[in-house]
Structure formats: C-alpha cells, structure tokens
>>> print(open('coords24.cif').read())   # mmCIF, C-alpha atoms, pLDDT in the B column; chains and numbers go by the auth columns
data_entry
loop_
_atom_site.group_PDB
_atom_site.id
_atom_site.type_symbol
_atom_site.label_atom_id
_atom_site.label_comp_id
_atom_site.label_asym_id
_atom_site.label_seq_id
_atom_site.Cartn_x
_atom_site.Cartn_y
_atom_site.Cartn_z
_atom_site.B_iso_or_equiv
_atom_site.auth_seq_id
_atom_site.auth_asym_id
ATOM 1 C CA MET A 1 0.000 0.000 0.000 52.00 1 B
ATOM 2 C CA ALA A 2 1.253 3.479 -0.851 60.00 2 B
ATOM 3 C CA GLY A 3 2.698 5.520 2.000 67.00 3 B
ATOM 4 C CA PRO A 4 0.912 8.634 3.312 71.00 4 B
ATOM 5 C CA ILE A 5 3.428 10.959 1.629 76.00 5 B
ATOM 6 C CA GLU A 6 3.112 9.449 -1.844 79.00 6 B
ATOM 7 C CA GLN A 7 -0.194 11.282 -2.410 78.00 7 B
ATOM 8 C CA PHE A 8 1.730 14.586 -2.564 82.00 8 B
ATOM 9 C CA GLU A 9 4.175 13.503 -5.274 86.00 9 B
ATOM 10 C CA VAL A 10 3.988 15.582 -8.455 85.00 10 B
ATOM 11 C CA LYS A 11 3.844 13.134 -11.374 87.00 11 B
ATOM 12 C CA PRO A 12 4.009 13.912 -15.109 87.00 12 B
ATOM 13 C CA LEU A 13 0.924 12.691 -16.960 87.00 13 B
ATOM 14 C CA VAL A 14 1.746 13.950 -20.465 88.00 14 B
ATOM 15 C CA GLU A 15 5.353 14.713 -21.345 86.00 15 B
ATOM 16 C CA LEU A 16 5.842 17.584 -23.809 83.00 16 B
ATOM 17 C CA GLY A 17 9.608 17.376 -24.238 83.00 17 B
ATOM 18 C CA THR A 18 12.572 19.021 -22.561 85.00 18 B
ATOM 19 C CA VAL A 19 14.096 22.507 -22.662 86.00 19 B
ATOM 20 C CA ASN A 20 17.521 23.749 -21.639 85.00 20 B
ATOM 21 C CA VAL A 21 17.125 26.398 -18.938 81.00 21 B
ATOM 22 C CA PRO A 22 20.165 28.539 -18.021 83.00 22 B
ATOM 23 C CA VAL A 23 21.601 27.590 -14.611 79.00 23 B
ATOM 24 C CA LEU A 24 18.964 24.877 -14.084 77.00 24 B
ATOM 25 C CA GLY A 25 19.989 22.844 -17.105 80.00 25 B
ATOM 26 C CA GLU A 26 17.673 20.463 -18.966 83.00 26 B
ATOM 27 C CA GLN A 27 14.104 20.527 -17.660 81.00 27 B
ATOM 28 C CA LEU A 28 11.146 18.325 -18.514 80.00 28 B
ATOM 29 C CA ILE A 29 8.019 20.120 -19.739 85.00 29 B
ATOM 30 C CA ALA A 30 4.922 18.092 -18.886 87.00 30 B
ATOM 31 C CA ILE A 31 1.304 18.223 -17.819 88.00 31 B
ATOM 32 C CA THR A 32 1.323 16.948 -14.246 90.00 32 B
ATOM 33 C CA ASN A 33 -1.278 15.886 -11.713 89.00 33 B
ATOM 34 C CA SER A 34 -0.737 19.293 -10.097 90.00 34 B
ATOM 35 C CA HIS A 35 -1.678 21.065 -13.359 89.00 35 B
ATOM 36 C CA VAL A 36 -4.759 18.907 -13.715 92.00 36 B
ATOM 37 C CA ALA A 37 -5.861 19.553 -10.116 92.00 37 B
ATOM 38 C CA MET A 38 -5.487 23.338 -10.492 93.00 38 B
ATOM 39 C CA THR A 39 -7.242 23.326 -13.865 93.00 39 B
ATOM 40 C CA LEU A 40 -10.149 21.346 -12.431 94.00 40 B
ATOM 41 C CA ALA A 41 -10.352 23.833 -9.552 94.00 41 B
ATOM 42 C CA PHE A 42 -10.537 26.717 -12.020 94.00 42 B
ATOM 43 C CA VAL A 43 -13.202 24.945 -14.086 95.00 43 B
ATOM 44 C CA ALA A 44 -15.153 24.157 -10.906 94.00 44 B
ATOM 45 C CA VAL A 45 -15.147 27.826 -9.846 94.00 45 B
ATOM 46 C CA VAL A 46 -16.242 29.037 -13.288 94.00 46 B
ATOM 47 C CA GLY A 47 -18.890 26.332 -13.524 94.00 47 B
ATOM 48 C CA PHE A 48 -20.259 26.993 -10.035 93.00 48 B
ATOM 49 C CA LEU A 49 -20.472 30.765 -10.535 91.00 49 B
ATOM 50 C CA SER A 50 -22.021 30.296 -13.984 92.00 50 B
ATOM 51 C CA LEU A 51 -24.739 28.081 -12.531 90.00 51 B
ATOM 52 C CA ALA A 52 -25.231 30.373 -9.543 89.00 52 B
ATOM 53 C CA THR A 53 -25.791 33.426 -11.742 86.00 53 B
ATOM 54 C CA SER A 54 -27.516 31.851 -14.742 84.00 54 B
ATOM 55 C CA LYS A 55 -31.069 32.073 -13.390 80.00 55 B
ATOM 56 C CA ASN A 56 -31.313 35.034 -11.046 76.00 56 B
ATOM 57 C CA SER A 57 -34.659 35.137 -9.301 77.00 57 B
ATOM 58 C CA VAL A 58 -36.254 36.841 -6.327 72.00 58 B
ATOM 59 C CA VAL A 59 -36.590 33.475 -4.610 74.00 59 B
ATOM 60 C CA PRO A 60 -33.157 31.929 -5.160 77.00 60 B
ATOM 61 C CA GLY A 61 -32.601 28.273 -5.880 81.00 61 B
ATOM 62 C CA ARG A 62 -29.949 26.210 -4.154 86.00 62 B
ATOM 63 C CA MET A 63 -27.071 27.191 -6.438 87.00 63 B
ATOM 64 C CA GLN A 64 -28.018 30.862 -6.425 88.00 64 B
ATOM 65 C CA ALA A 65 -28.393 30.828 -2.638 89.00 65 B
ATOM 66 C CA ALA A 66 -24.986 29.186 -2.220 90.00 66 B
ATOM 67 C CA GLY A 67 -23.382 31.710 -4.577 90.00 67 B
ATOM 68 C CA GLU A 68 -25.020 34.662 -2.837 90.00 68 B
ATOM 69 C CA THR A 69 -23.933 33.350 0.563 93.00 69 B
ATOM 70 C CA LEU A 70 -20.273 33.142 -0.464 93.00 70 B
ATOM 71 C CA PHE A 71 -20.499 36.468 -2.286 92.00 71 B
ATOM 72 C CA GLY A 72 -22.058 38.168 0.734 92.00 72 B
ATOM 73 C CA MET A 73 -19.550 36.653 3.143 94.00 73 B
ATOM 74 C CA VAL A 74 -16.491 37.903 1.233 94.00 74 B
ATOM 75 C CA ASP A 75 -18.172 41.239 0.540 93.00 75 B
ATOM 76 C CA GLY A 76 -18.776 41.609 4.267 93.00 76 B
ATOM 77 C CA LEU A 77 -15.119 40.789 4.964 92.00 77 B
ATOM 78 C CA THR A 78 -13.752 43.403 2.587 93.00 78 B
ATOM 79 C CA SER A 79 -16.148 46.063 3.835 92.00 79 B
ATOM 80 C CA SER A 80 -15.591 45.382 7.544 93.00 80 B
ATOM 81 C CA ILE A 81 -11.797 45.040 7.334 93.00 81 B
ATOM 82 C CA ILE A 82 -10.871 47.566 4.644 92.00 82 B
ATOM 83 C CA GLY A 83 -13.740 49.993 5.133 88.00 83 B
ATOM 84 C CA HIS A 84 -15.602 52.097 2.589 87.00 84 B
ATOM 85 C CA GLU A 85 -13.019 51.317 -0.118 87.00 85 B
ATOM 86 C CA GLY A 86 -13.414 47.588 0.393 88.00 86 B
ATOM 87 C CA LYS A 87 -15.731 47.260 -2.624 90.00 87 B
ATOM 88 C CA LYS A 88 -12.817 48.106 -4.925 91.00 88 B
ATOM 89 C CA TYR A 89 -10.834 45.118 -3.728 93.00 89 B
ATOM 90 C CA PHE A 90 -13.706 42.667 -3.459 94.00 90 B
ATOM 91 C CA PRO A 91 -13.062 41.018 -6.885 93.00 91 B
ATOM 92 C CA PHE A 92 -9.487 40.154 -5.929 94.00 92 B
ATOM 93 C CA ALA A 93 -10.422 38.864 -2.466 95.00 93 B
ATOM 94 C CA PHE A 94 -13.340 36.842 -3.855 95.00 94 B
ATOM 95 C CA THR A 95 -11.169 35.326 -6.598 94.00 95 B
ATOM 96 C CA MET A 96 -8.513 34.232 -4.100 95.00 96 B
ATOM 97 C CA PHE A 97 -11.139 32.807 -1.745 96.00 97 B
ATOM 98 C CA MET A 98 -12.913 30.788 -4.420 95.00 98 B
ATOM 99 C CA LEU A 99 -9.679 29.490 -5.930 94.00 99 B
ATOM 100 C CA VAL A 100 -8.222 28.346 -2.591 95.00 100 B
ATOM 101 C CA LEU A 101 -11.572 26.886 -1.494 95.00 101 B
ATOM 102 C CA SER A 102 -12.031 24.918 -4.710 95.00 102 B
ATOM 103 C CA MET A 103 -8.486 23.495 -4.603 94.00 103 B
ATOM 104 C CA ASN A 104 -8.952 22.530 -0.947 94.00 104 B
ATOM 105 C CA LEU A 105 -12.293 20.838 -1.513 93.00 105 B
ATOM 106 C CA LEU A 106 -11.277 19.058 -4.713 92.00 106 B
ATOM 107 C CA GLY A 107 -8.321 17.643 -2.804 89.00 107 B
ATOM 108 C CA MET A 108 -10.830 15.664 -0.753 88.00 108 B
ATOM 109 C CA PHE A 109 -12.015 13.838 -3.874 87.00 109 B
ATOM 110 C CA LEU A 110 -8.893 13.662 -6.038 79.00 110 B
ATOM 111 C CA THR A 111 -5.717 11.699 -5.359 76.00 111 B
ATOM 112 C CA PHE A 112 -3.772 14.982 -5.356 85.00 112 B
ATOM 113 C CA THR A 113 -4.306 18.208 -3.408 88.00 113 B
ATOM 114 C CA ALA A 114 -2.844 21.292 -5.101 90.00 114 B
ATOM 115 C CA THR A 115 -2.709 23.332 -1.892 92.00 115 B
ATOM 116 C CA SER A 116 -0.592 20.642 -0.227 89.00 116 B
ATOM 117 C CA GLN A 117 2.250 21.815 -2.486 90.00 117 B
ATOM 118 C CA LEU A 118 4.382 24.635 -1.057 91.00 118 B
ATOM 119 C CA ALA A 119 5.120 25.906 -4.583 90.00 119 B
ATOM 120 C CA VAL A 120 1.382 26.465 -5.162 93.00 120 B
ATOM 121 C CA THR A 121 0.637 28.127 -1.813 94.00 121 B
ATOM 122 C CA LEU A 122 3.782 30.271 -2.038 94.00 122 B
ATOM 123 C CA THR A 123 2.696 31.453 -5.487 94.00 123 B
ATOM 124 C CA LEU A 124 -0.687 32.450 -4.074 95.00 124 B
ATOM 125 C CA GLY A 125 1.051 34.203 -1.183 94.00 125 B
ATOM 126 C CA LEU A 126 3.339 36.101 -3.587 95.00 126 B
ATOM 127 C CA ILE A 127 0.353 37.162 -5.695 95.00 127 B
ATOM 128 C CA SER A 128 -1.313 38.639 -2.598 94.00 128 B
ATOM 129 C CA PHE A 129 1.948 40.224 -1.450 94.00 129 B
ATOM 130 C CA LEU A 130 2.742 41.833 -4.821 95.00 130 B
ATOM 131 C CA THR A 131 -0.847 43.062 -5.145 94.00 131 B
ATOM 132 C CA VAL A 132 -0.562 44.765 -1.757 93.00 132 B
ATOM 133 C CA VAL A 133 2.796 46.341 -2.693 93.00 133 B
ATOM 134 C CA VAL A 134 1.530 47.639 -6.044 94.00 134 B
ATOM 135 C CA ILE A 135 -1.659 49.051 -4.517 93.00 135 B
ATOM 136 C CA GLY A 136 0.354 50.602 -1.699 91.00 136 B
ATOM 137 C CA LEU A 137 2.780 52.325 -4.077 92.00 137 B
ATOM 138 C CA VAL A 138 0.065 53.471 -6.492 92.00 138 B
ATOM 139 C CA LYS A 139 -2.191 54.796 -3.743 90.00 139 B
ATOM 140 C CA ASN A 140 0.433 56.319 -1.443 88.00 140 B
ATOM 141 C CA GLY A 141 3.521 56.854 -3.592 88.00 141 B
ATOM 142 C CA LEU A 142 6.639 57.125 -1.452 86.00 142 B
ATOM 143 C CA GLY A 143 4.297 57.523 1.513 85.00 143 B
ATOM 144 C CA PHE A 144 4.015 53.722 1.311 87.00 144 B
ATOM 145 C CA PHE A 145 7.232 53.517 3.328 88.00 145 B
ATOM 146 C CA LYS A 146 5.486 55.181 6.277 87.00 146 B
ATOM 147 C CA LEU A 147 4.253 51.672 6.910 85.00 147 B
ATOM 148 C CA PHE A 148 7.687 50.942 8.329 85.00 148 B
ATOM 149 C CA TRP A 149 7.975 54.111 10.424 84.00 149 B
ATOM 150 C CA PRO A 150 5.623 53.670 13.417 81.00 150 B
ATOM 151 C CA VAL A 151 4.889 57.196 14.638 79.00 151 B
ATOM 152 C CA GLY A 152 3.221 55.792 17.749 77.00 152 B
ATOM 153 C CA ALA A 153 6.509 54.390 19.051 77.00 153 B
ATOM 154 C CA PRO A 154 9.113 56.506 20.905 83.00 154 B
ATOM 155 C CA LEU A 155 11.500 58.224 18.480 81.00 155 B
ATOM 156 C CA ALA A 156 14.522 56.255 19.711 83.00 156 B
ATOM 157 C CA LEU A 157 12.757 52.949 19.127 83.00 157 B
ATOM 158 C CA ARG A 158 11.253 53.739 15.730 84.00 158 B
ATOM 159 C CA PRO A 159 14.203 52.403 13.680 87.00 159 B
ATOM 160 C CA VAL A 160 14.146 49.109 15.580 90.00 160 B
ATOM 161 C CA VAL A 161 10.365 48.753 15.452 88.00 161 B
ATOM 162 C CA GLY A 162 10.397 49.838 11.814 87.00 162 B
ATOM 163 C CA LEU A 163 12.961 47.155 10.959 91.00 163 B
ATOM 164 C CA ILE A 164 10.814 44.545 12.679 91.00 164 B
ATOM 165 C CA GLU A 165 7.770 45.764 10.728 88.00 165 B
ATOM 166 C CA PHE A 166 9.747 45.621 7.473 91.00 166 B
ATOM 167 C CA VAL A 167 10.940 42.058 8.080 92.00 167 B
ATOM 168 C CA SER A 168 7.428 41.051 9.127 90.00 168 B
ATOM 169 C CA PHE A 169 6.061 42.596 5.938 91.00 169 B
ATOM 170 C CA LEU A 170 8.544 40.662 3.780 91.00 170 B
ATOM 171 C CA LEU A 171 7.628 37.415 5.549 91.00 171 B
ATOM 172 C CA ARG A 172 3.934 37.740 4.759 91.00 172 B
ATOM 173 C CA PRO A 173 4.028 35.565 1.614 91.00 173 B
ATOM 174 C CA ALA A 174 5.777 32.833 3.617 92.00 174 B
ATOM 175 C CA THR A 175 3.283 32.999 6.484 91.00 175 B
ATOM 176 C CA LEU A 176 0.336 32.864 4.081 91.00 176 B
ATOM 177 C CA ALA A 177 1.895 29.957 2.193 93.00 177 B
ATOM 178 C CA LEU A 178 3.059 27.908 5.176 92.00 178 B
ATOM 179 C CA ARG A 179 -0.240 28.201 7.047 92.00 179 B
ATOM 180 C CA LEU A 180 -2.267 26.889 4.106 92.00 180 B
ATOM 181 C CA PHE A 181 0.343 24.309 3.069 92.00 181 B
ATOM 182 C CA GLY A 182 0.874 22.961 6.608 91.00 182 B
ATOM 183 C CA ASN A 183 -2.809 22.527 7.390 90.00 183 B
ATOM 184 C CA MET A 184 -3.629 20.767 4.143 90.00 184 B
ATOM 185 C CA LEU A 185 -0.521 18.566 4.248 89.00 185 B
ATOM 186 C CA GLY A 186 -0.914 17.550 7.889 88.00 186 B
ATOM 187 C CA GLY A 187 -4.611 16.836 7.619 87.00 187 B
ATOM 188 C CA HIS A 188 -4.269 14.620 4.561 86.00 188 B
ATOM 189 C CA VAL A 189 -1.327 12.716 6.062 87.00 189 B
ATOM 190 C CA ALA A 190 -3.297 11.978 9.251 85.00 190 B
ATOM 191 C CA LEU A 191 -6.353 10.974 7.229 84.00 191 B
ATOM 192 C CA LYS A 192 -4.314 8.576 5.084 82.00 192 B
ATOM 193 C CA ILE A 193 -2.665 6.985 8.145 83.00 193 B
ATOM 194 C CA PHE A 194 -5.993 6.243 9.849 79.00 194 B
ATOM 195 C CA ALA A 195 -7.442 4.924 6.583 80.00 195 B
ATOM 196 C CA GLN A 196 -4.458 2.580 6.233 79.00 196 B
ATOM 197 C CA PHE A 197 -5.011 1.302 9.767 75.00 197 B
ATOM 198 C CA VAL A 198 -8.513 0.219 8.768 76.00 198 B
ATOM 199 C CA VAL A 199 -7.298 -1.792 5.776 74.00 199 B
ATOM 200 C CA GLN A 200 -4.126 -3.242 7.291 74.00 200 B
ATOM 201 C CA LEU A 201 -5.597 -4.280 10.658 71.00 201 B
ATOM 202 C CA GLY A 202 -8.674 -5.756 8.989 69.00 202 B
ATOM 203 C CA ALA A 203 -6.500 -7.696 6.542 72.00 203 B
ATOM 204 C CA LEU A 204 -4.263 -8.919 9.398 69.00 204 B
ATOM 205 C CA ALA A 205 -7.255 -10.183 11.360 67.00 205 B
ATOM 206 C CA ILE A 206 -8.603 -12.078 8.343 71.00 206 B
ATOM 207 C CA ALA A 207 -5.200 -13.509 7.399 70.00 207 B
ATOM 208 C CA THR A 208 -4.118 -14.750 10.842 70.00 208 B
ATOM 209 C CA GLY A 209 -7.412 -15.444 12.578 61.00 209 B
ATOM 210 C CA GLY A 210 -7.615 -16.488 16.229 57.00 210 B
ATOM 211 C CA ILE A 211 -6.804 -13.782 18.722 60.00 211 B
ATOM 212 C CA ALA A 212 -5.943 -11.459 15.845 59.00 212 B
ATOM 213 C CA TYR A 213 -9.698 -10.994 15.333 64.00 213 B
ATOM 214 C CA ALA A 214 -9.387 -8.499 18.178 67.00 214 B
ATOM 215 C CA PHE A 215 -7.815 -6.189 15.602 67.00 215 B
ATOM 216 C CA PHE A 216 -11.277 -5.752 14.111 69.00 216 B
ATOM 217 C CA GLY A 217 -12.119 -3.536 17.102 72.00 217 B
ATOM 218 C CA VAL A 218 -9.073 -1.357 16.494 72.00 218 B
ATOM 219 C CA ALA A 219 -9.905 -1.247 12.787 72.00 219 B
ATOM 220 C CA ALA A 220 -13.448 -0.113 13.628 77.00 220 B
ATOM 221 C CA LEU A 221 -12.052 2.610 15.888 79.00 221 B
ATOM 222 C CA SER A 222 -9.725 3.714 13.087 76.00 222 B
ATOM 223 C CA MET A 223 -12.689 3.757 10.738 80.00 223 B
ATOM 224 C CA GLY A 224 -14.550 6.050 13.117 83.00 224 B
ATOM 225 C CA MET A 225 -11.499 8.334 13.303 82.00 225 B
ATOM 226 C CA THR A 226 -11.277 8.350 9.506 83.00 226 B
ATOM 227 C CA VAL A 227 -14.910 9.444 9.160 87.00 227 B
ATOM 228 C CA ALA A 228 -14.461 12.123 11.837 88.00 228 B
ATOM 229 C CA MET A 229 -11.241 13.412 10.283 86.00 229 B
ATOM 230 C CA THR A 230 -12.853 13.499 6.855 88.00 230 B
ATOM 231 C CA ALA A 231 -15.577 15.767 8.213 90.00 231 B
ATOM 232 C CA LEU A 232 -12.922 17.872 9.971 90.00 232 B
ATOM 233 C CA GLU A 233 -10.901 18.140 6.744 91.00 233 B
ATOM 234 C CA PHE A 234 -13.916 19.545 4.901 93.00 234 B
ATOM 235 C CA LEU A 235 -14.253 22.150 7.648 93.00 235 B
ATOM 236 C CA VAL A 236 -10.516 22.916 7.522 93.00 236 B
ATOM 237 C CA ALA A 237 -10.715 23.257 3.729 93.00 237 B
ATOM 238 C CA PHE A 238 -13.262 26.039 4.147 95.00 238 B
ATOM 239 C CA LEU A 239 -11.599 27.671 7.153 94.00 239 B
ATOM 240 C CA GLN A 240 -8.182 27.855 5.480 94.00 240 B
ATOM 241 C CA ALA A 241 -9.682 29.596 2.447 95.00 241 B
ATOM 242 C CA PHE A 242 -11.493 31.956 4.823 95.00 242 B
ATOM 243 C CA VAL A 243 -8.330 32.689 6.850 95.00 243 B
ATOM 244 C CA PHE A 244 -6.296 33.251 3.685 95.00 244 B
ATOM 245 C CA THR A 245 -8.870 35.807 2.524 95.00 245 B
ATOM 246 C CA VAL A 246 -9.077 37.522 5.918 95.00 246 B
ATOM 247 C CA LEU A 247 -5.297 37.952 6.098 94.00 247 B
ATOM 248 C CA THR A 248 -5.198 39.231 2.523 94.00 248 B
ATOM 249 C CA CYS A 249 -7.850 41.835 3.411 94.00 249 B
ATOM 250 C CA ILE A 250 -5.880 42.836 6.526 93.00 250 B
ATOM 251 C CA TYR A 251 -2.735 43.320 4.435 93.00 251 B
ATOM 252 C CA LEU A 252 -4.720 45.385 1.934 92.00 252 B
ATOM 253 C CA ASN A 253 -6.141 47.484 4.745 92.00 253 B
ATOM 254 C CA ASP A 254 -2.612 48.323 5.913 89.00 254 B
ATOM 255 C CA VAL A 255 -1.834 50.096 2.632 90.00 255 B
ATOM 256 C CA VAL A 256 -5.290 51.322 1.635 89.00 256 B
ATOM 257 C CA ASN A 257 -5.830 53.151 4.928 84.00 257 B
ATOM 258 C CA LEU A 258 -2.157 53.949 5.522 79.00 258 B
ATOM 259 C CA GLY A 259 -2.732 57.662 6.101 63.00 259 B
ATOM 260 C CA GLU A 260 -5.355 56.989 8.753 63.00 260 B
ATOM 261 C CA GLY A 261 -3.305 54.492 10.735 49.00 261 B
ATOM 262 C CA HIS A 262 0.053 56.246 10.673 50.00 262 B
#
>>> encode(input="coords24.cif", output="structure tokens")
Amino acid sequence: MAGPIEQFEVKPLVELGTVNVPVLGEQLIAITNSHVAMTLAFVAVVGFLSLATSKNSVVPGRMQAAGETLFGMVDGLTSSIIGHEGKKYFPFAFTMFMLVLSMNLLGMFLTFTATSQLAVTLTLGLISFLTVVVIGLVKNGLGFFKLFWPVGAPLALRPVVGLIEFVSFLLRPATLALRLFGNMLGGHVALKIFAQFVVQLGALAIATGGIAYAFFGVAALSMGMTVAMTALEFLVAFLQAFVFTVLTCIYLNDVVNLGEGH
C-alpha cells in the first residue's frame, strides 16, 4: 500500500519534451497531476459561478443561494476590514477565496491536493503580497514607506520597530503559504494513516485469525477516526480559504488606509 506521503508527489501525466534552462539545465516540460488539479479547480469555480448566476430570481434556488452566501460573506469581509473602499478590492479577495476553497475541496475527492504543495501556496502568497505592494505604491507613492515608520513608538525605538515591521512585511508571503500548506498537508497525512489502519488491521485479522480478530475492534475505531477526520478536513478546507482571505484583506487594509493608521 502506498505511503501517506506518496499522495503529494507531483507526477508527469503527459510529457511535452525538454528545454535547456540557463543555470537549471535540462528541464522536462509536462502536464502533471498538479496542473490537472489546479485546472479542475478553475473549471469548478467558473462552472459553479455560472450556474449560480444563470437564473437570477427573487426566490433563489440552491445554487443561487450558495453563490449569494459566499459572495455576501467575502463582501462583508472586505467592507468590515478595509472599510468604505473595500468594494474596490472585493473582486481580488473573492477570486482568491474561491480558488483556494475549490483546490482545498477538490483535494478531498482527487488523489492529489494542489494546496498541499508549497510551490502552489507560495505562489498564491506572492500574488497577494505583490498586489498589496503595487496598490500601496500606487495609492500612497513614497508615503508607502510610512508603513515601516511607526509614529506611535518613541522616536529612539522607531528604527528598531520599523525594521521589525519591514521584516514582518517581507515574511507575509511565507506565512500565508506555510499556514495553508501545513494545514492541508498535515490533515491529509493523518487521514491517510488512519485509513491505512482500517485496511491493514482488517486484513491482518482475516489472514491470521484467532486472537488477531481483536484487531477488528481497532480497525473499527480507526474507521470512526477516519470518518471524523474526513468531516474535519472539509471544515478545515473552508476555514483555510477563509483565513487566507481575511489575512489578505488585513494586508490590503494596511496600505489602503495607511494615512489613517500612521
């Protein structure tokens, strides 16, 4: 039986040839299970939103109600965290939320979870980080750097506190990426281990018989844990998308309302 880590291995499905990349050398170009998982997530988001908005009615159906619930939740986040300008940044926040949520949820049904790959979550973190930097520079100009000069701190401590703020700001993509990556990786590993217990202990009891039939009780307990962890993983899949969006909105608020907070 495959080990619990094998589910995270990126495997080429269709090889498209190789290219010679400077420094890195010869690299294989291929469509991998990671590409397929991310593409399916994108298609799922587009399909869901298309169905949710295809038949708008005063009394919404199930798909429309689900779409409006998610739309209203993210809209409420941007407005409450960023303020009156939150509407401007709603499309970005909603896109990130839906993309992360769909990759998380699809990982519960596929043999590969895109958000269990650090390269994927770090890319999402960098997208959020660069968006915040660009918006900060466009909106505030050189005043953007006031973010690293805390006027509320004593003058003698401002350089030290400012350096800490600067390092913290640079680490934001890593914190966004590691939080999402760690939760999805750890949850799927634990789920796979308990699922393997069910199969292996049950097979051992059948193969050896006698007192080994006692392993059926342990296998049943593992089965219960597997069901419980599956439910928990669905909840975590939603919560991690929600947390990713909340933190993105907080980072946007730092630069959008820079003049008010500094």
>>> residues_around(input="coords24.cif", residues="B:Thr248", least_positions_apart="6", cutoff="12 Å", atoms="all atoms listed in the file", output="number ranges by chain")
B: 74, 77-78, 81-82, 86, 89-90, 92-97, 124-133, 172-173, 175-177, 241-242, 254-255
>>> axis_aligned_box(input="coords24.cif", around="stretch 185-195 of chain B", padding_each_side="3 Å", output="JSON")
{"center_x": -4.0, "center_y": 11.7, "center_z": 7.0, "size_x": 12.9, "size_y": 19.6, "size_z": 11.6}
>>> closest_residue(input="coords24.cif", among="B:Pro91, B:Gly187, B:Gly182, B:Pro154", to="B:Ala231", atoms="all atoms listed in the file")
B:Gly187
>>> resolve_selection(input="coords24.cif", expression="the PyMOL selection byres ((chain B and resi 191-202) around 8)", output="CSV table (one decimal) with C-alpha atoms, keeping the file's coordinate frame")
chain,number,residue,atom,x,y,z
B,4,PRO,CA,0.9,8.6,3.3
B,187,GLY,CA,-4.6,16.8,7.6
B,188,HIS,CA,-4.3,14.6,4.6
B,189,VAL,CA,-1.3,12.7,6.1
B,190,ALA,CA,-3.3,12.0,9.3
B,203,ALA,CA,-6.5,-7.7,6.5
B,204,LEU,CA,-4.3,-8.9,9.4
B,205,ALA,CA,-7.3,-10.2,11.4
B,206,ILE,CA,-8.6,-12.1,8.3
B,215,PHE,CA,-7.8,-6.2,15.6
B,216,PHE,CA,-11.3,-5.8,14.1
B,218,VAL,CA,-9.1,-1.4,16.5
B,219,ALA,CA,-9.9,-1.2,12.8
B,220,ALA,CA,-13.4,-0.1,13.6
B,222,SER,CA,-9.7,3.7,13.1
B,223,MET,CA,-12.7,3.8,10.7
B,225,MET,CA,-11.5,8.3,13.3
B,226,THR,CA,-11.3,8.4,9.5
B,229,MET,CA,-11.2,13.4,10.3
B,230,THR,CA,-12.9,13.5,6.9
>>> residues_around(input="coords24.cif", residues="B:Pro150", least_positions_apart="2", cutoff="12 Å", atoms="all atoms listed in the file", output="list in words")
Phe145, Lys146, Leu147, Phe148, Gly152, Ala153, Pro154, Leu155, Ala156, Leu157, Arg158, Pro159, Val160, Val161, Gly162, Leu163, Ile164, Glu165, Phe166, Leu258, Gly259, Gly261 and His262 of chain B
>>> residues_around(input="coords24.cif", residues="stretch 26-34 of chain B", least_positions_apart="2", cutoff="9 Å", atoms="only C-alpha atoms", output="list in words")
Glu9, Val10, Lys11, Pro12, Leu13, Val14, Glu15, Leu16, Gly17, Thr18, Val19, Asn20, Val21, Pro22, Leu24, Val36, Ala37, Met38, Thr39, Thr111, Phe112, Thr113, Ala114, Gln117 and Val120 of chain B
>>> closest_residue(input="coords24.cif", among="B:Lys87, B:Ser50, B:Leu105, B:Phe181", to="B:Phe238", atoms="all atoms listed in the file")
B:Leu105
>>> closest_residue(input="coords24.cif", among="B:Glu85, B:Ala174, B:Phe169, B:Asn104", to="B:Ala119", atoms="all atoms listed in the file")
B:Ala174
>>> atom_distance(input="coords24.cif", atom1="atom CA of B:Ala44", atom2="atom CA of B:Leu110")
13.2 Å
>>> resolve_selection(input="coords24.cif", expression="the PyMOL selection byres ((chain B and resi 68) around 12)", output="list in words")
Phe48, Leu49, Leu51, Ala52, Thr53, Asn56, Ser57, Val58, Val59, Pro60, Gly61, Arg62, Met63, Gln64, Ala65, Ala66, Gly67, Thr69, Leu70, Phe71, Gly72, Met73, Val74, Asp75, Gly76 and Phe94 of chain B
>>> atom_distance(input="coords24.cif", atom1="atom CA of B:Leu137", atom2="atom CA of B:Arg179")
26.7 Å
>>> atom_distance(input="coords24.cif", atom1="atom CA of B:Gln7", atom2="atom CA of B:Leu185")
9.9 Å
>>> closest_residue(input="coords24.cif", among="B:Leu235, B:Leu180, B:Val46, B:Val246", to="B:Met98", atoms="only C-alpha atoms")
B:Val46
